[in-house]
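A.B. asks: One file: my_file_16.cif (mmCIF, C-alpha atoms and all ligand atoms).
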data_entry
#
loop_
_atom_site.label_atom_id
_atom_site.label_comp_id
_atom_site.auth_asym_id
_atom_site.auth_seq_id
_atom_site.Cartn_x
_atom_site.Cartn_y
_atom_site.Cartn_z
CA MET D 1 88.18 -203.95 82.24
CA GLN D 2 85.18 -201.75 81.53
CA ALA D 3 83.37 -200.75 84.75
CA TRP D 4 79.75 -199.57 84.53
CA THR D 5 77.76 -196.42 83.95
CA GLN D 6 78.32 -193.55 86.34
CA PRO D 7 75.12 -192.18 87.92
CA GLU D 8 74.53 -188.43 88.00
CA ILE D 9 75.74 -187.01 91.31
CA PRO D 10 74.16 -183.65 92.18
CA VAL D 11 76.30 -181.05 93.96
CA VAL D 12 74.70 -180.30 97.32
CA ALA D 13 74.83 -176.87 98.97
CA GLY D 14 76.21 -176.45 102.49
CA PRO D 15 79.49 -177.36 104.19
CA ALA D 16 80.85 -180.90 104.07
CA ARG D 17 82.11 -182.53 107.27
CA ARG D 18 85.23 -184.48 108.12
CA LEU D 19 84.93 -188.23 107.70
CA ARG D 20 85.74 -190.66 110.50
CA LEU D 21 85.73 -194.41 110.02
CA TYR D 22 86.49 -197.45 112.14
CA ASP D 23 89.90 -198.86 111.25
CA THR D 24 90.26 -202.58 111.89
CA ALA D 25 94.07 -202.35 112.26
CA SER D 26 94.06 -199.74 115.03
CA ALA D 27 90.70 -200.93 116.42
CA GLY D 28 89.38 -197.40 116.66
CA LEU D 29 87.94 -194.46 114.77
CA VAL D 30 90.35 -192.60 112.50
CA GLU D 31 89.98 -189.55 110.27
CA VAL D 32 90.21 -190.47 106.60
CA ASN D 33 90.47 -187.11 104.88
CA PRO D 34 93.10 -186.52 102.23
CA ALA D 35 94.82 -183.12 102.26
CA ASP D 36 92.81 -180.27 100.72
CA GLY D 37 92.81 -180.62 96.96
CA ALA D 38 94.37 -184.10 97.05
CA ALA D 39 92.65 -187.12 95.56
CA ALA D 40 91.37 -189.77 97.92
CA ARG D 41 92.59 -193.29 97.16
CA ILE D 42 90.57 -196.40 97.93
CA TYR D 43 90.88 -200.07 97.04
CA VAL D 44 87.87 -202.32 97.50
CA CYS D 45 88.15 -206.05 96.95
CA GLY D 46 85.91 -207.03 94.08
CA ILE D 47 83.97 -210.13 93.20
CA THR D 48 85.05 -213.60 92.25
CA PRO D 49 82.67 -213.90 89.30
CA TYR D 50 81.27 -217.42 89.56
CA ASP D 51 77.77 -216.60 90.77
CA ALA D 52 75.43 -213.61 90.87
CA THR D 53 75.64 -210.63 93.24
CA HIS D 54 73.88 -211.33 96.53
CA MET D 55 72.75 -208.86 99.18
CA GLY D 56 76.00 -209.30 101.12
CA HIS D 57 78.06 -208.16 98.15
CA ALA D 58 75.59 -205.35 97.55
CA ALA D 59 75.93 -204.21 101.19
CA THR D 60 79.71 -204.13 100.82
CA TYR D 61 79.72 -202.09 97.61
CA VAL D 62 77.03 -199.71 98.87
CA THR D 63 79.01 -199.10 102.08
CA PHE D 64 82.13 -198.13 100.13
CA ASP D 65 79.96 -196.11 97.79
CA LEU D 66 78.99 -193.94 100.76
CA ILE D 67 82.68 -193.23 101.43
CA ASN D 68 83.22 -192.38 97.76
CA ARG D 69 80.23 -190.03 97.83
CA LEU D 70 81.31 -188.33 101.06
CA TRP D 71 84.79 -187.63 99.69
CA ARG D 72 83.30 -186.21 96.49
CA ASP D 73 80.93 -184.11 98.59
CA ALA D 74 84.02 -182.72 100.36
CA GLY D 75 85.50 -181.73 96.98
CA HIS D 76 88.02 -184.53 96.52
CA ASP D 77 88.68 -186.47 93.37
CA VAL D 78 88.51 -190.14 94.24
CA ASN D 79 90.79 -192.78 92.79
CA TYR D 80 88.73 -195.88 93.39
CA THR D 81 90.29 -199.16 92.33
CA GLN D 82 88.46 -202.47 92.45
CA ASN D 83 89.74 -205.86 91.29
CA ILE D 84 87.95 -208.84 89.82
CA THR D 85 89.27 -212.26 90.85
CA ASP D 86 88.58 -213.63 87.40
CA VAL D 87 90.80 -216.68 87.79
CA ASP D 88 90.70 -218.64 91.06
CA ASP D 89 89.76 -222.04 92.45
CA PRO D 90 86.03 -221.42 93.11
CA LEU D 91 85.52 -220.02 89.61
CA LEU D 92 87.34 -222.91 87.95
CA GLU D 93 85.51 -225.46 90.11
CA ARG D 94 82.11 -223.98 89.24
CA ALA D 95 82.98 -223.86 85.54
CA THR D 96 84.00 -227.52 85.60
CA ALA D 97 80.92 -228.56 87.60
CA THR D 98 78.54 -226.80 85.21
CA GLY D 99 80.40 -227.57 81.98
CA VAL D 100 80.81 -223.89 81.12
CA ASP D 101 84.06 -222.35 79.88
CA TRP D 102 85.61 -220.52 82.84
CA THR D 103 86.18 -217.30 80.88
CA GLU D 104 82.56 -217.26 79.71
CA LEU D 105 81.29 -217.88 83.24
CA ALA D 106 83.41 -214.95 84.46
CA GLN D 107 82.30 -212.63 81.66
CA SER D 108 78.61 -213.30 82.19
CA GLU D 109 78.78 -212.90 85.99
CA ILE D 110 80.81 -209.69 85.65
CA GLN D 111 78.16 -208.30 83.31
CA LEU D 112 75.41 -209.20 85.78
CA PHE D 113 77.40 -207.47 88.52
CA ARG D 114 77.76 -204.33 86.38
CA ASP D 115 73.99 -204.30 85.81
CA ASP D 116 73.34 -204.75 89.53
CA MET D 117 75.75 -201.97 90.49
CA THR D 118 74.22 -199.64 87.89
CA ALA D 119 70.72 -200.35 89.20
CA LEU D 120 71.86 -199.69 92.78
CA ARG D 121 73.46 -196.39 91.67
CA VAL D 122 76.90 -197.41 92.92
CA VAL D 123 79.51 -194.98 91.56
CA PRO D 124 81.90 -197.09 89.44
CA PRO D 125 85.63 -197.40 90.18
CA GLN D 126 88.05 -195.49 87.94
CA ASN D 127 90.13 -198.63 87.68
CA TYR D 128 88.21 -201.86 87.37
CA VAL D 129 90.94 -204.43 86.99
CA GLY D 130 90.81 -208.15 86.33
CA VAL D 131 93.53 -210.53 87.41
CA VAL D 132 93.76 -212.13 83.96
CA GLU D 133 94.70 -208.75 82.48
CA SER D 134 97.20 -208.19 85.34
CA ILE D 135 99.35 -211.32 85.18
CA ASP D 136 102.48 -209.24 84.41
CA LEU D 137 101.80 -207.01 87.41
CA VAL D 138 101.48 -210.03 89.67
CA ILE D 139 104.70 -211.52 88.29
CA GLY D 140 106.45 -208.18 88.99
CA ALA D 141 105.17 -208.18 92.58
CA ILE D 142 106.41 -211.75 93.11
CA GLU D 143 109.83 -210.75 91.73
CA ASP D 144 109.94 -207.84 94.19
CA LEU D 145 109.18 -210.29 96.99
CA GLN D 146 111.94 -212.58 95.73
CA ARG D 147 114.40 -209.68 95.89
CA ALA D 148 113.25 -209.06 99.46
CA GLY D 149 114.06 -212.71 100.28
CA ALA D 150 110.44 -213.55 101.09
CA VAL D 151 109.73 -216.31 98.55
CA TYR D 152 110.39 -220.06 98.57
CA ASP D 153 109.43 -223.03 96.49
CA VAL D 154 107.36 -226.08 97.45
CA ASP D 155 107.30 -228.62 94.62
CA GLY D 156 107.25 -225.90 91.97
CA ASP D 157 104.66 -223.67 93.74
CA LEU D 158 105.89 -220.37 95.19
CA TYR D 159 105.05 -219.25 98.74
CA PHE D 160 105.26 -215.96 100.60
CA ALA D 161 107.15 -216.36 103.88
CA VAL D 162 105.23 -214.43 106.53
CA LYS D 163 108.32 -214.33 108.76
CA ALA D 164 109.75 -211.75 106.31
CA ASP D 165 107.22 -209.29 107.76
CA PRO D 166 107.86 -208.27 111.37
CA ARG D 167 104.45 -206.54 111.40
CA PHE D 168 102.52 -209.61 110.23
CA GLY D 169 99.25 -209.81 112.19
CA GLY D 170 98.92 -206.05 112.50
CA VAL D 171 95.90 -205.67 110.24
CA SER D 172 93.66 -208.26 111.89
CA GLY D 173 95.16 -208.25 115.38
CA TYR D 174 94.18 -211.94 115.61
CA ASP D 175 96.10 -214.42 117.75
CA ALA D 176 98.00 -217.33 116.18
CA GLU D 177 95.24 -219.88 116.80
CA THR D 178 92.53 -217.71 115.22
CA MET D 179 94.76 -216.97 112.24
CA ARG D 180 95.42 -220.62 111.66
CA ALA D 181 91.74 -221.58 111.87
CA LEU D 182 90.67 -218.79 109.51
CA PHE D 183 93.49 -219.54 107.10
CA ALA D 184 92.28 -223.13 106.75
CA GLU D 185 88.65 -222.01 106.43
CA ARG D 186 89.29 -219.31 103.82
CA GLY D 187 91.30 -220.89 101.06
CA GLY D 188 94.65 -221.40 102.82
CA ASP D 189 96.65 -224.63 103.14
CA PRO D 190 98.18 -224.64 106.66
CA ASP D 191 98.92 -228.37 106.59
CA ARG D 192 100.77 -228.62 103.29
CA ALA D 193 104.06 -230.47 103.75
CA GLY D 194 107.22 -228.51 102.97
CA LYS D 195 105.95 -225.10 104.12
CA GLN D 196 108.14 -223.10 106.50
CA ASP D 197 105.19 -221.64 108.40
CA PRO D 198 101.57 -222.93 108.23
CA LEU D 199 100.42 -219.38 107.40
CA ASP D 200 102.72 -218.89 104.42
CA SER D 201 100.49 -218.19 101.44
CA LEU D 202 100.57 -219.26 97.82
CA LEU D 203 102.00 -216.70 95.39
CA TRP D 204 102.22 -218.74 92.20
CA ARG D 205 100.58 -222.07 91.52
CA ALA D 206 102.46 -224.16 88.97
CA GLU D 207 100.35 -225.40 86.07
CA ARG D 208 98.08 -228.37 86.79
CA PRO D 209 96.43 -230.45 84.07
CA GLY D 210 93.20 -228.84 82.89
CA GLU D 211 93.86 -225.50 84.62
CA PRO D 212 94.64 -222.22 82.85
CA ALA D 213 98.29 -221.15 83.06
CA TRP D 214 100.52 -218.31 81.94
CA GLU D 215 104.25 -218.12 81.18
CA SER D 216 106.42 -216.62 83.92
CA PRO D 217 110.05 -216.58 85.04
CA PHE D 218 108.95 -219.19 87.64
CA GLY D 219 107.46 -221.51 85.03
CA ARG D 220 103.92 -221.78 83.70
CA GLY D 221 101.21 -221.28 86.31
CA ARG D 222 98.69 -218.86 87.76
CA PRO D 223 98.65 -216.26 90.55
CA GLY D 224 97.69 -216.93 94.14
CA TRP D 225 94.85 -214.83 95.54
CA HIS D 226 96.38 -212.32 97.96
CA VAL D 227 99.26 -211.13 95.80
CA GLU D 228 96.84 -210.10 93.05
CA CYS D 229 95.34 -207.43 95.30
CA SER D 230 98.79 -206.24 96.50
CA ALA D 231 99.95 -205.90 92.89
CA ILE D 232 96.82 -204.18 91.55
CA ALA D 233 96.60 -201.75 94.47
CA LEU D 234 100.30 -200.83 94.20
CA LYS D 235 100.03 -200.20 90.47
CA TYR D 236 96.86 -198.09 90.51
CA LEU D 237 97.08 -196.41 93.94
CA GLY D 238 100.64 -196.73 95.25
CA MET D 239 101.54 -197.34 98.90
CA THR D 240 99.81 -195.72 101.85
CA PHE D 241 96.47 -195.12 100.19
CA ASP D 242 93.53 -194.03 102.30
CA VAL D 243 91.19 -197.01 102.63
CA GLN D 244 91.47 -200.74 101.98
CA GLY D 245 87.95 -202.14 102.00
CA GLY D 246 85.94 -205.32 101.74
CA GLY D 247 83.76 -207.61 103.80
CA SER D 248 84.83 -208.70 107.29
CA ASP D 249 85.44 -212.20 105.88
CA LEU D 250 88.51 -210.69 104.20
CA ILE D 251 90.20 -209.34 107.35
CA PHE D 252 92.21 -212.53 107.64
CA PRO D 253 93.95 -213.90 105.71
CA HIS D 254 93.23 -211.75 102.66
CA HIS D 255 93.80 -208.20 103.87
CA GLU D 256 96.50 -209.24 106.30
CA MET D 257 98.35 -211.05 103.51
CA SER D 258 97.88 -208.47 100.75
CA ALA D 259 99.09 -205.66 103.04
CA SER D 260 102.00 -207.78 104.22
CA GLY D 261 103.02 -208.70 100.66
CA ALA D 262 102.93 -205.08 99.51
CA GLU D 263 104.88 -203.86 102.54
CA VAL D 264 107.59 -206.51 102.18
CA ALA D 265 107.79 -205.95 98.40
CA THR D 266 108.23 -202.17 98.73
CA GLY D 267 109.91 -201.90 102.13
CA GLU D 268 107.32 -199.23 102.99
CA HIS D 269 104.55 -199.10 105.57
CA PRO D 270 101.57 -198.95 105.80
CA PHE D 271 99.82 -200.40 102.76
CA ALA D 272 96.64 -198.49 103.68
CA ARG D 273 95.92 -195.81 106.27
CA ALA D 274 92.67 -197.49 107.28
CA TYR D 275 91.22 -200.98 106.85
CA VAL D 276 87.45 -200.77 106.71
CA HIS D 277 85.19 -203.80 106.81
CA GLN D 278 81.53 -204.41 106.09
CA ALA D 279 79.97 -206.90 108.50
CA MET D 280 78.39 -210.06 107.11
CA VAL D 281 74.88 -210.16 105.73
CA GLY D 282 73.06 -213.44 106.08
CA LEU D 283 69.82 -215.22 105.41
CA ASP D 284 67.90 -217.42 107.86
CA GLY D 285 70.61 -217.42 110.49
CA GLU D 286 73.60 -218.10 108.24
CA LYS D 287 76.12 -215.95 106.38
CA MET D 288 75.02 -215.51 102.76
CA SER D 289 77.62 -217.17 100.60
CA LYS D 290 77.95 -218.40 97.08
CA SER D 291 79.41 -221.65 98.35
CA LYS D 292 76.46 -222.27 100.75
CA GLY D 293 73.92 -221.19 98.17
CA ASN D 294 71.63 -219.38 100.66
CA LEU D 295 71.38 -216.30 98.52
CA VAL D 296 69.06 -213.41 97.90
CA LEU D 297 70.22 -212.12 94.54
CA VAL D 298 70.06 -208.50 93.52
CA SER D 299 69.30 -209.47 89.91
CA LYS D 300 66.47 -211.80 90.89
CA GLU D 301 64.85 -209.13 93.06
CA ARG D 302 65.20 -206.58 90.25
CA LEU D 303 63.69 -208.90 87.67
CA GLY D 304 60.84 -209.61 90.10
CA GLY D 305 60.01 -205.90 90.01
CA THR D 306 61.60 -204.71 93.26
CA ASP D 307 62.69 -201.08 93.03
CA PRO D 308 66.51 -201.07 93.33
CA MET D 309 66.21 -197.94 95.49
CA ALA D 310 64.20 -199.97 98.01
CA ILE D 311 67.00 -202.57 98.04
CA ARG D 312 69.48 -199.77 98.66
CA LEU D 313 67.35 -198.48 101.55
CA VAL D 314 67.31 -201.94 103.16
CA LEU D 315 71.10 -202.03 103.02
CA LEU D 316 71.42 -198.49 104.39
CA ALA D 317 69.07 -199.22 107.29
CA HIS D 318 71.69 -201.53 108.85
CA HIS D 319 74.95 -200.27 110.32
CA TYR D 320 77.84 -201.53 108.25
CA ARG D 321 79.68 -202.85 111.31
CA THR D 322 76.87 -205.06 112.59
CA ASP D 323 76.06 -208.45 111.05
CA TRP D 324 72.44 -208.71 109.95
CA PHE D 325 69.99 -210.93 108.10
CA TRP D 326 68.01 -210.12 105.00
CA THR D 327 64.21 -210.28 105.52
CA GLU D 328 61.14 -209.59 103.41
CA THR D 329 59.80 -207.44 106.24
CA ASP D 330 62.76 -205.07 105.89
CA LEU D 331 62.18 -204.86 102.16
CA LEU D 332 58.51 -203.96 102.66
CA ALA D 333 59.48 -201.30 105.21
CA ALA D 334 62.01 -199.86 102.76
CA GLN D 335 59.42 -199.70 100.00
CA GLU D 336 57.10 -197.85 102.34
CA ARG D 337 59.89 -195.44 103.32
CA LEU D 338 60.64 -194.79 99.66
CA ASP D 339 56.97 -193.97 98.99
CA ILE D 340 56.85 -191.58 101.94
CA TRP D 341 60.03 -189.81 100.86
CA ARG D 342 58.83 -189.53 97.27
CA GLY D 343 55.57 -188.06 98.50
CA ALA D 344 57.43 -185.58 100.71
CA ILE D 345 59.71 -184.23 98.00
CA GLY D 346 56.65 -183.73 95.79
CA ARG D 347 55.28 -181.15 98.27
CA GLY D 348 55.55 -177.38 97.72
CA SER D 349 57.47 -176.91 100.97
CA GLY D 350 58.77 -178.69 104.03
CA PRO D 351 60.79 -178.20 107.21
CA ASP D 352 64.23 -176.53 107.02
CA GLY D 353 66.13 -178.25 104.19
CA ALA D 354 69.64 -177.13 105.14
CA ALA D 355 69.19 -178.58 108.64
CA VAL D 356 68.28 -182.04 107.38
CA VAL D 357 71.13 -182.02 104.85
CA ASP D 358 73.55 -181.18 107.64
CA ALA D 359 72.07 -183.96 109.80
CA VAL D 360 72.58 -186.45 106.97
CA ARG D 361 76.20 -185.32 106.51
CA ALA D 362 76.82 -185.46 110.26
CA ALA D 363 75.43 -188.99 110.53
CA LEU D 364 77.30 -190.38 107.53
CA THR D 365 80.66 -188.84 108.40
CA ASN D 366 80.29 -190.36 111.87
CA ASP D 367 81.50 -193.82 110.82
CA LEU D 368 78.77 -194.15 108.18
CA ASP D 369 75.77 -194.08 110.49
CA ALA D 370 73.40 -194.46 107.55
CA ALA D 371 70.49 -195.52 109.77
CA ALA D 372 70.71 -192.16 111.59
CA ALA D 373 70.80 -190.40 108.22
CA LEU D 374 67.62 -192.23 107.18
CA ALA D 375 65.98 -191.28 110.46
CA ALA D 376 66.78 -187.60 109.85
CA VAL D 377 65.12 -187.76 106.43
CA ASP D 378 62.14 -189.66 107.91
CA LEU D 379 61.61 -186.91 110.45
CA TRP D 380 61.78 -184.26 107.75
CA ALA D 381 59.36 -186.17 105.51
CA GLU D 382 56.83 -186.64 108.31
CA SER D 383 56.75 -182.98 109.36
CA ASN D 384 55.45 -179.83 107.74
CA GLY D 385 57.24 -176.53 107.21
CA ASP D 386 57.42 -173.47 105.00
CA ASP D 387 60.87 -173.89 103.40
CA THR D 388 59.96 -173.95 99.72
CA ALA D 389 63.53 -174.84 98.68
CA ALA D 390 63.59 -177.85 101.00
CA PRO D 391 61.97 -180.56 98.83
CA ALA D 392 64.45 -180.08 95.97
CA LEU D 393 67.42 -179.74 98.33
CA VAL D 394 66.53 -182.88 100.28
CA ALA D 395 66.02 -184.84 97.06
CA GLN D 396 69.48 -183.74 95.90
CA ALA D 397 71.14 -184.67 99.18
CA VAL D 398 69.41 -188.06 99.33
CA ASP D 399 70.63 -188.70 95.80
CA ALA D 400 74.20 -187.37 96.18
CA LEU D 401 74.99 -188.62 99.70
CA LEU D 402 72.84 -191.73 100.12
CA GLY D 403 72.70 -192.70 96.44
CA VAL D 404 68.91 -192.98 96.53
CA GLU D 405 67.15 -191.41 93.57
CA LEU D 406 63.66 -190.25 94.51
N1 LIG A 501 87.40 -211.68 95.01
C1 LIG A 501 87.50 -211.72 96.44
C2 LIG A 501 88.11 -210.46 97.00
S1 LIG A 501 89.67 -210.09 96.26
C3 LIG A 501 86.14 -211.98 97.08
O1 LIG A 501 86.08 -212.04 98.28
N2 LIG A 501 85.11 -212.11 96.23
S2 LIG A 501 83.60 -212.43 96.70
O2 LIG A 501 82.83 -212.46 95.48
O3 LIG A 501 83.58 -213.58 97.52
O4 LIG A 501 83.13 -211.24 97.58
C4 LIG A 501 83.05 -209.93 97.03
C5 LIG A 501 82.97 -208.90 98.17
O5 LIG A 501 81.77 -209.08 98.92
C6 LIG A 501 84.13 -209.02 99.16
O6 LIG A 501 84.52 -207.72 99.58
C7 LIG A 501 83.51 -209.80 100.30
O7 LIG A 501 84.15 -209.53 101.53
C8 LIG A 501 82.09 -209.30 100.29
N3 LIG A 501 81.11 -210.28 100.83
C9 LIG A 501 81.01 -211.59 100.49
N4 LIG A 501 80.01 -212.19 101.19
C10 LIG A 501 79.45 -211.23 101.97
C11 LIG A 501 78.37 -211.21 102.91
N5 LIG A 501 77.64 -212.29 103.19
N6 LIG A 501 78.08 -210.04 103.54
C12 LIG A 501 78.80 -208.90 103.26
N7 LIG A 501 79.82 -208.86 102.37
C13 LIG A 501 80.15 -210.00 101.73
ZN ZN A 502 91.12 -208.65 97.33
#
If you took the structure in this file and wrote it as structure tokens, what would it be?
C.D. replies:
Amino acid sequence: MQAWTQPEIPVVAGPARRLRLYDTASAGLVEVNPADGAAARIYVCGITPYDATHMGHAATYVTFDLINRLWRDAGHDVNYTQNITDVDDPLLERATATGVDWTELAQSEIQLFRDDMTALRVVPPQNYVGVVESIDLVIGAIEDLQRAGAVYDVDGDLYFAVKADPRFGGVSGYDAETMRALFAERGGDPDRAGKQDPLDSLLWRAERPGEPAWESPFGRGRPGWHVECSAIALKYLGMTFDVQGGGSDLIFPHHEMSASGAEVATGEHPFARAYVHQAMVGLDGEKMSKSKGNLVLVSKERLGGTDPMAIRLVLLAHHYRTDWFWTETDLLAAQERLDIWRGAIGRGSGPDGAAVVDAVRAALTNDLDAAAALAAVDLWAESNGDDTAAPALVAQAVDALLGVEL
């Protein structure tokens, strides 16, 4: 699948720093720096294209964009792979409810997402991969799981047996009760009769009347959710890549299951070196979600004339590991900050440029403390100095590292 346009990324003078991120699996900070000269490898779970990009999605993709930018700043090539869940229950349900063809709904929402990502200056993935174009990959992954003895049949549907994975639970660290509750809440079917374990997850759903289906050695049907991400990540990144990313709503079951499936299929461990999660963004006290409909849409804000760089500054002002709520007040503050910064880089000189660039790098490599990076730029913008190179240097760093074009 075509991704979107790559923004210009200036090269910024001065030494890069080593990146540390919070890893959900080990519940602590870990270094995520590939060997010198090696490419960094990251998989971020992409959209299910049945509705427009909201500020929660935007926060997730901007967070992983910071990681991408920091690795590039440190001289690494980055192999960034992102999927699109372009066939799944919510998409098919929405298409049926609105009388739109499901493929057309997916195509139009994917295009809107591309436009939103371009406006927010998110660096595109090298591999932007839909499930519909990956059916063979998914079938191959299910066959690998069959060979590992981890697949069984319930009335023609295939399930992944979690007992095949002695490490199951190691990504989320959740106890059995929490897993079961979240599994039911997030697309799982713990109570289906005939399953060996309530947490066993669907790999292949046999064709149902009115649903799209593809030929396979297991009969006509369509892929389950988790195995699509195992299969796409294995194909484009291989095992033991650097970062598996997404929102915290994906910790369980999705990231637990996709890691487990890949590990059982390959017999190798771990799927990813670090599991990094963006906290949930909400509106008016509730998590923003397409199913609840309490959305602030990136496209709607853009069409209403909001500067996408102000949207980006709102997202960056909140730490990625803390849940937060979108407010108009934050947007106004971000617009004001943008004006101040633009004024400051238009000056003939300012305080020491190299120092502020280093402060931005230090903040971001410290588990993406973007708010501290913004504060460092604020301080620079509000003070005077005689470094005539500073305005251009700060503008470059704000563009390259924070993705904000001034
Ligand atoms: N297609 C699957 C992943 S394979 C999916 O979760 N799609 S999604 O459209 O529902 O979400 C896209 C991305 O945005 C996921 O990484 C998800 O974790 C993240 N996300 C969804 N809602 C929010 C929210 N309210 N706040 C922050 N991130 C969110
Ligand atoms: Zn995924």
A.B. asks: So how many Å separate atom CA of D:Gly14 and atom CA of D:Val62, to one decimal?
C.D. replies: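 So the two atoms, atom CA of D:Gly14 and atom CA of D:Val62, lie 23.6 Å apart.
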A.B. asks: Provide the atom CA of D:Val171 to atom CA of D:Asp136 distance in Å, to one decimal place.
C.D. replies: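 According to the coordinates, atom CA of D:Val171 and atom CA of D:Asp136 are separated by 26.9 Å.
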A.B. asks: Enumerate residues in contact with ligand LIG 501 (chain A): an atom-to-atom distance of at most 6 Å, counting only C-alpha atoms and all ligand atoms. Format the result as a PyMOL selection string.
C.D. replies: chain D and resi 45-48+56-57+59-60+84-85+246-250+278-282+287-289
A.B. asks: Using the file's own x, y and z axes, so that the box edges lie along x, y and z, what centre and edge lengths in Å (one decimal) does a box around every listed atom of stretch 333-344 of chain D get when 6 Å is added on each side? Give it as AutoDock Vina command-line options.
C.D. replies:
--center_x 58.8 --center_y -193.4 --center_z 101.2 --size_x 18.4 --size_y 27.7 --size_z 19.9
A.B. asks: My list of candidates is D:Ile110, D:Ala381, D:Leu29, D:Val123. Which is closest to D:Glu8 when distances are computed with all atoms listed in the file?
C.D. replies: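 Residue with the minimum atom-to-atom distance to D:Glu8: D:Val123.
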A.B. asks: D:Val404, D:Leu303, D:Val30, D:Val129: which is nearest ligand ZN 502 (chain A), counting only C-alpha atoms and all ligand atoms?
C.D. replies: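 With only C-alpha atoms and all ligand atoms as the atom set, the closest residue is D:Val129.
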A.B. asks: Can I get the residues close to ligand ZN 502 (chain A) as a ChimeraX atom specification, where close means within 12 Å and we count only C-alpha atoms and all ligand atoms?
C.D. replies: /D:43-48,81-86,88,129-131,224-233,244-259
